[in-house]
Amino acid sequence: MPVTVFISSPLPSEHVETIRAVDPALLEVIYEPDLHPPRLRFYGDHKGLPFTRTAEQQERWRRHLGRAEVLWDFPPNDPDGGGGLAYAPRVKWIQGTSTGIGQRANALGLRDSPIICTTARGTHGGPVAEFAFLGILMHLRGLRHLEAEQRARRWTVYCADEVAGKTLGVVGAGDMAKKVLALGRAFGMRLLATARDYRPGRAAELGVEHYYPRGELHAMLRQVDALVLTLPHTPETEGFIDAAALAALKPGGVFVNIGRGQTVDELALIAALQAGRIGFAALDVTTIEPLPSDSPLWTLPNVLISPHSASAMPEENRRVTEIFCYNLRCYLDGRLEQMRNILDKKRMY
């Protein structure tokens, strides 16, 4: 019997055909565009603008879920309130389209399930690292000042700081962290890092001057001119950067979060920004998303807000499809242990 793959989020047809081509004899790939939102928010969107399926479309959607053994992406919750997998009893593997799928898998009750979940790790590291340096450069090179001077048509010579020689601290040691550190190295920065797992030789592996155990976080924070967070949201990381950690930061530095908003005490962050204790923050993520319209973060002059979009780029679907096709070949061949990016459902990343 062929393995049934159901594409449960919008995907351009060329990538659907790439998936089919993995093994036409062993695969049945189901993708019906009319079951997905007709309008997307941006190229490569995996969610689309809200729309409601007709009764006939909903019946087809549930029927396809019921047949699926493999899912491309986590399906949205059903209108009857059931979780996204309520009508998918045969599913054995889900390929996520995001790196941080731990919370979604946990919400679906998959923590102790035999269902394999794989992430899109390796797809988004470059773009989010570039966003991190957008924030660092904006602050150190004085972009907001230049914009104000240009609006005023004022030609006044000024002096900005440089990135080279500054100390960059990264919290996390995954793909995103490694991309951030690579850019920091290219800019001539002094590099420090901390993450969950500590072992001798870790500093050399990451190419940093010093790698701190989690218990020595504040010792690292006191040195950094720019801090970049790449943490996933887990019970262990929730509120990890608290008021005490923010107070330990070197005054006037740059704070960047490209991980998850729940890892930071947002009220303490706002207070530090308002007081000028933190010079500038570039935030791709916030505690509540979308960020509420009454949040002070919107209007603070030393904040850059990105609507959790730093990872979105035209090549995203192609890159995730490559991961999926590799994993699909492993799955069909029974080489499950060789699949890439398998989610540790206990750690949630």
# chains A, B, ... in the order shown; residues from 1 in each chain; ligands from 1
$ closest_atom_pairs --of "region 80-152 of chain A" --to "region 43-67 of chain A" --cutoff "9 Å" --atoms "only C-alpha atoms" --output "JSON lines"
{"residue": "A:Leu85", "atom": "CA", "partner": "A:Leu65", "partner_atom": "CA", "distance": 7.9}
{"residue": "A:Ala86", "atom": "CA", "partner": "A:Leu65", "partner_atom": "CA", "distance": 8.9}
{"residue": "A:Tyr87", "atom": "CA", "partner": "A:Gly66", "partner_atom": "CA", "distance": 5.5}
{"residue": "A:Ala88", "atom": "CA", "partner": "A:Gly66", "partner_atom": "CA", "distance": 4.6}
{"residue": "A:Pro89", "atom": "CA", "partner": "A:Gly66", "partner_atom": "CA", "distance": 6.2}
{"residue": "A:Arg90", "atom": "CA", "partner": "A:Arg67", "partner_atom": "CA", "distance": 6.7}
{"residue": "A:Val91", "atom": "CA", "partner": "A:Arg67", "partner_atom": "CA", "distance": 8.2}
{"residue": "A:Thr97", "atom": "CA", "partner": "A:His46", "partner_atom": "CA", "distance": 7.7}
$ select_by_dssp --residues "region 10-244 of chain A" --states "strand (DSSP E or B)" --output "PyMOL selection string"
chain A and resi 27-30+70-72+93-95+116-118+167-171+190-194+210-212+226-229+241
$ residues_around --residues "Ala129 (chain A)" --least-positions-apart "2" --cutoff "8 Å" --atoms "only C-alpha atoms" --output "list in words"
Gly125, Gly126, Pro127, Phe131, Ala132, Phe133, Met176, Ala177, Lys179, Val180 and Leu183 of chain A
$ closest_residue --among "A:Thr156, A:Thr230, A:Thr194, A:Thr287" --to "Gly100 (chain A)" --atoms "only C-alpha atoms"
A:Thr230
$ residues_around --residues "Tyr349 (chain A)" --least-positions-apart "5" --cutoff "7 Å" --atoms "only C-alpha atoms" --output "PyMOL selection string"
chain A and resi 100+102+232+343-344
$ closest_residue --among "A:Asn341, A:Thr263, A:Asn257, A:Asn106" --to "Val320 (chain A)" --atoms "only C-alpha atoms"
A:Asn341
$ atom_distance --atom1 "CA of Ala25 (chain A)" --atom2 "CA of Phe324 (chain A)"
17.6 Å
$ closest_residue --among "A:Glu236, A:Asp225, A:Asp78, A:Glu14" --to "Gly253 (chain A)" --atoms "only C-alpha atoms"
A:Asp225
$ closest_residue --among "A:Gly165, A:Ala312, A:Arg141, A:Thr321" --to "Ala186 (chain A)" --atoms "only C-alpha atoms"
A:Gly165
$ residues_around --residues "Glu209 (chain A)" --least-positions-apart "4" --cutoff "12 Å" --atoms "only C-alpha atoms" --output "ChimeraX atom specification"
/A:167-170,181,185,189-194,201-205,220
$ write_last_selection --atoms "C-alpha atoms" --output "JSON list (two decimals), in the first residue's frame"
[["chain", "number", "residue", "atom", "x", "y", "z"],
["A", 167, "THR", "CA", 31.38, 41.88, 22.80],
["A", 168, "LEU", "CA", 28.52, 39.73, 21.51],
["A", 169, "GLY", "CA", 26.80, 37.32, 23.89],
["A", 170, "VAL", "CA", 24.53, 34.60, 22.53],
["A", 181, "LEU", "CA", 28.12, 33.92, 15.98],
["A", 185, "ARG", "CA", 33.03, 36.75, 13.84],
["A", 189, "MET", "CA", 33.40, 40.99, 17.57],
["A", 190, "ARG", "CA", 34.48, 39.27, 20.76],
["A", 191, "LEU", "CA", 32.21, 36.24, 21.13],
["A", 192, "LEU", "CA", 30.67, 34.71, 24.26],
["A", 193, "ALA", "CA", 27.91, 32.11, 24.59],
["A", 194, "THR", "CA", 25.85, 30.13, 27.06],
["A", 201, "GLY", "CA", 35.49, 21.90, 24.54],
["A", 202, "ARG", "CA", 32.16, 23.60, 23.82],
["A", 203, "ALA", "CA", 33.82, 27.01, 23.36],
["A", 204, "ALA", "CA", 36.11, 25.60, 20.68],
["A", 205, "GLU", "CA", 33.17, 23.90, 18.92],
["A", 220, "MET", "CA", 28.46, 36.78, 30.76]]
$ select_by_dssp --residues "region 139-338 of chain A" --states "alpha helix (DSSP H)" --output "PDB file with C-alpha atoms, in the first residue's frame"
ATOM      1  CA  HIS A 139      21.944  51.089  17.375  1.00  0.00           C
ATOM      2  CA  LEU A 140      25.706  51.248  17.049  1.00  0.00           C
ATOM      3  CA  LEU A 143      20.294  54.751  12.115  1.00  0.00           C
ATOM      4  CA  ARG A 144      17.405  56.392  14.010  1.00  0.00           C
ATOM      5  CA  HIS A 145      19.508  59.565  14.356  1.00  0.00           C
ATOM      6  CA  LEU A 146      20.294  59.586  10.650  1.00  0.00           C
ATOM      7  CA  GLU A 147      16.625  59.123   9.766  1.00  0.00           C
ATOM      8  CA  ALA A 148      15.631  62.060  11.986  1.00  0.00           C
ATOM      9  CA  GLU A 149      18.350  64.260  10.481  1.00  0.00           C
ATOM     10  CA  GLN A 150      17.270  63.342   6.959  1.00  0.00           C
ATOM     11  CA  ARG A 151      13.633  64.156   7.696  1.00  0.00           C
ATOM     12  CA  ASP A 175      21.541  26.660  14.294  1.00  0.00           C
ATOM     13  CA  MET A 176      20.366  30.235  14.810  1.00  0.00           C
ATOM     14  CA  ALA A 177      22.988  30.866  17.485  1.00  0.00           C
ATOM     15  CA  LYS A 178      25.735  29.512  15.234  1.00  0.00           C
ATOM     16  CA  LYS A 179      24.650  31.804  12.380  1.00  0.00           C
ATOM     17  CA  VAL A 180      24.647  34.813  14.727  1.00  0.00           C
ATOM     18  CA  LEU A 181      28.122  33.917  15.975  1.00  0.00           C
ATOM     19  CA  ALA A 182      29.379  33.529  12.397  1.00  0.00           C
ATOM     20  CA  LEU A 183      28.230  37.066  11.568  1.00  0.00           C
ATOM     21  CA  GLY A 184      29.735  38.361  14.797  1.00  0.00           C
ATOM     22  CA  ARG A 185      33.032  36.747  13.835  1.00  0.00           C
ATOM     23  CA  ALA A 186      32.880  38.399  10.398  1.00  0.00           C
ATOM     24  CA  ARG A 202      32.158  23.604  23.824  1.00  0.00           C
ATOM     25  CA  ALA A 203      33.823  27.006  23.365  1.00  0.00           C
ATOM     26  CA  ALA A 204      36.113  25.597  20.677  1.00  0.00           C
ATOM     27  CA  GLU A 205      33.168  23.904  18.921  1.00  0.00           C
ATOM     28  CA  LEU A 206      31.289  27.209  18.691  1.00  0.00           C
ATOM     29  CA  LEU A 217      24.726  33.687  32.959  1.00  0.00           C
ATOM     30  CA  HIS A 218      25.106  36.976  34.824  1.00  0.00           C
ATOM     31  CA  ALA A 219      28.885  36.824  34.524  1.00  0.00           C
ATOM     32  CA  MET A 220      28.464  36.784  30.758  1.00  0.00           C
ATOM     33  CA  LEU A 221      25.763  39.462  30.707  1.00  0.00           C
ATOM     34  CA  ALA A 243      14.597  41.357  35.873  1.00  0.00           C
ATOM     35  CA  ALA A 244      17.824  40.291  37.600  1.00  0.00           C
ATOM     36  CA  ALA A 245      19.346  39.158  34.298  1.00  0.00           C
ATOM     37  CA  LEU A 246      18.358  42.408  32.603  1.00  0.00           C
ATOM     38  CA  ALA A 247      19.868  44.382  35.487  1.00  0.00           C
ATOM     39  CA  ALA A 248      23.111  42.445  35.051  1.00  0.00           C
ATOM     40  CA  GLU A 266       8.575  41.538  29.103  1.00  0.00           C
ATOM     41  CA  LEU A 267       7.488  44.018  31.785  1.00  0.00           C
ATOM     42  CA  ALA A 268      11.040  44.111  33.137  1.00  0.00           C
ATOM     43  CA  LEU A 269      12.350  44.565  29.592  1.00  0.00           C
ATOM     44  CA  ILE A 270      10.005  47.513  29.006  1.00  0.00           C
ATOM     45  CA  ALA A 271      11.112  49.123  32.269  1.00  0.00           C
ATOM     46  CA  ALA A 272      14.790  48.698  31.334  1.00  0.00           C
ATOM     47  CA  LEU A 273      14.186  50.262  27.919  1.00  0.00           C
ATOM     48  CA  GLN A 274      12.215  53.165  29.358  1.00  0.00           C
ATOM     49  CA  GLU A 316      11.772  29.041   2.806  1.00  0.00           C
ATOM     50  CA  ASN A 317       9.427  26.531   1.148  1.00  0.00           C
ATOM     51  CA  ARG A 318      12.187  25.143  -1.053  1.00  0.00           C
ATOM     52  CA  ARG A 319      14.469  24.598   1.926  1.00  0.00           C
ATOM     53  CA  VAL A 320      11.794  22.958   4.061  1.00  0.00           C
ATOM     54  CA  THR A 321      10.819  20.771   1.084  1.00  0.00           C
ATOM     55  CA  GLU A 322      14.423  19.581   0.798  1.00  0.00           C
ATOM     56  CA  ILE A 323      14.406  18.537   4.461  1.00  0.00           C
ATOM     57  CA  PHE A 324      11.040  16.828   4.033  1.00  0.00           C
ATOM     58  CA  CYS A 325      12.104  14.936   0.918  1.00  0.00           C
ATOM     59  CA  TYR A 326      15.269  13.678   2.599  1.00  0.00           C
ATOM     60  CA  ASN A 327      13.231  12.561   5.608  1.00  0.00           C
ATOM     61  CA  LEU A 328      10.587  11.018   3.365  1.00  0.00           C
ATOM     62  CA  ARG A 329      13.190   8.856   1.639  1.00  0.00           C
ATOM     63  CA  CYS A 330      14.472   7.723   5.038  1.00  0.00           C
ATOM     64  CA  TYR A 331      10.915   7.000   6.170  1.00  0.00           C
ATOM     65  CA  LEU A 332      10.080   4.937   3.103  1.00  0.00           C
ATOM     66  CA  ASP A 333      13.322   2.975   3.470  1.00  0.00           C
TER      67      ASP A 333
END
$ atom_distance --atom1 "CA of Glu69 (chain A)" --atom2 "CA of Met348 (chain A)"
22.3 Å
$ atom_distance --atom1 "CA of Ile342 (chain A)" --atom2 "CA of Trp72 (chain A)"
14.2 Å
$ residues_around --residues "Met1 (chain A)" --least-positions-apart "4" --cutoff "10 Å" --atoms "only C-alpha atoms" --output "list in words"
Ala25, Leu26, Leu27 and Glu28 of chain A
$ residues_around --residues "Val254 (chain A)" --least-positions-apart "6" --cutoff "7 Å" --atoms "only C-alpha atoms" --output "compact mmCIF listing (two decimals) with N, CA and C atoms, in the first residue's frame"
# COMPACT_ATOMS: atom_id res chain seq x y z
N ILE A 136 21.58 45.38 15.82
CA ILE A 136 22.87 45.79 16.36
C ILE A 136 23.43 46.98 15.58
N ASP A 225 28.07 43.84 24.93
CA ASP A 225 27.54 45.06 24.33
C ASP A 225 26.28 44.76 23.53
N ALA A 226 26.14 43.51 23.11
CA ALA A 226 24.95 43.08 22.37
C ALA A 226 24.61 41.66 22.80
N LEU A 227 23.37 41.46 23.22
CA LEU A 227 22.90 40.14 23.65
C LEU A 227 21.86 39.64 22.66
N ILE A 278 18.77 49.55 28.95
CA ILE A 278 19.05 48.89 27.67
C ILE A 278 18.95 49.96 26.60
N GLY A 279 19.99 50.09 25.79
CA GLY A 279 20.01 51.15 24.80
C GLY A 279 19.06 50.94 23.64
N PHE A 280 18.91 49.68 23.23
CA PHE A 280 18.08 49.39 22.06
C PHE A 280 17.67 47.94 22.09
N ALA A 281 16.46 47.66 21.64
CA ALA A 281 15.98 46.28 21.55
C ALA A 281 15.41 46.02 20.16
$ closest_residue --among "A:Arg121, A:His308, A:Arg199, A:Arg347" --to "Thr234 (chain A)" --atoms "only C-alpha atoms"
A:Arg347
$ closest_residue --among "A:Ser113, A:Gly96, A:His36, A:Gly81" --to "Lys345 (chain A)" --atoms "only C-alpha atoms"
A:Ser113
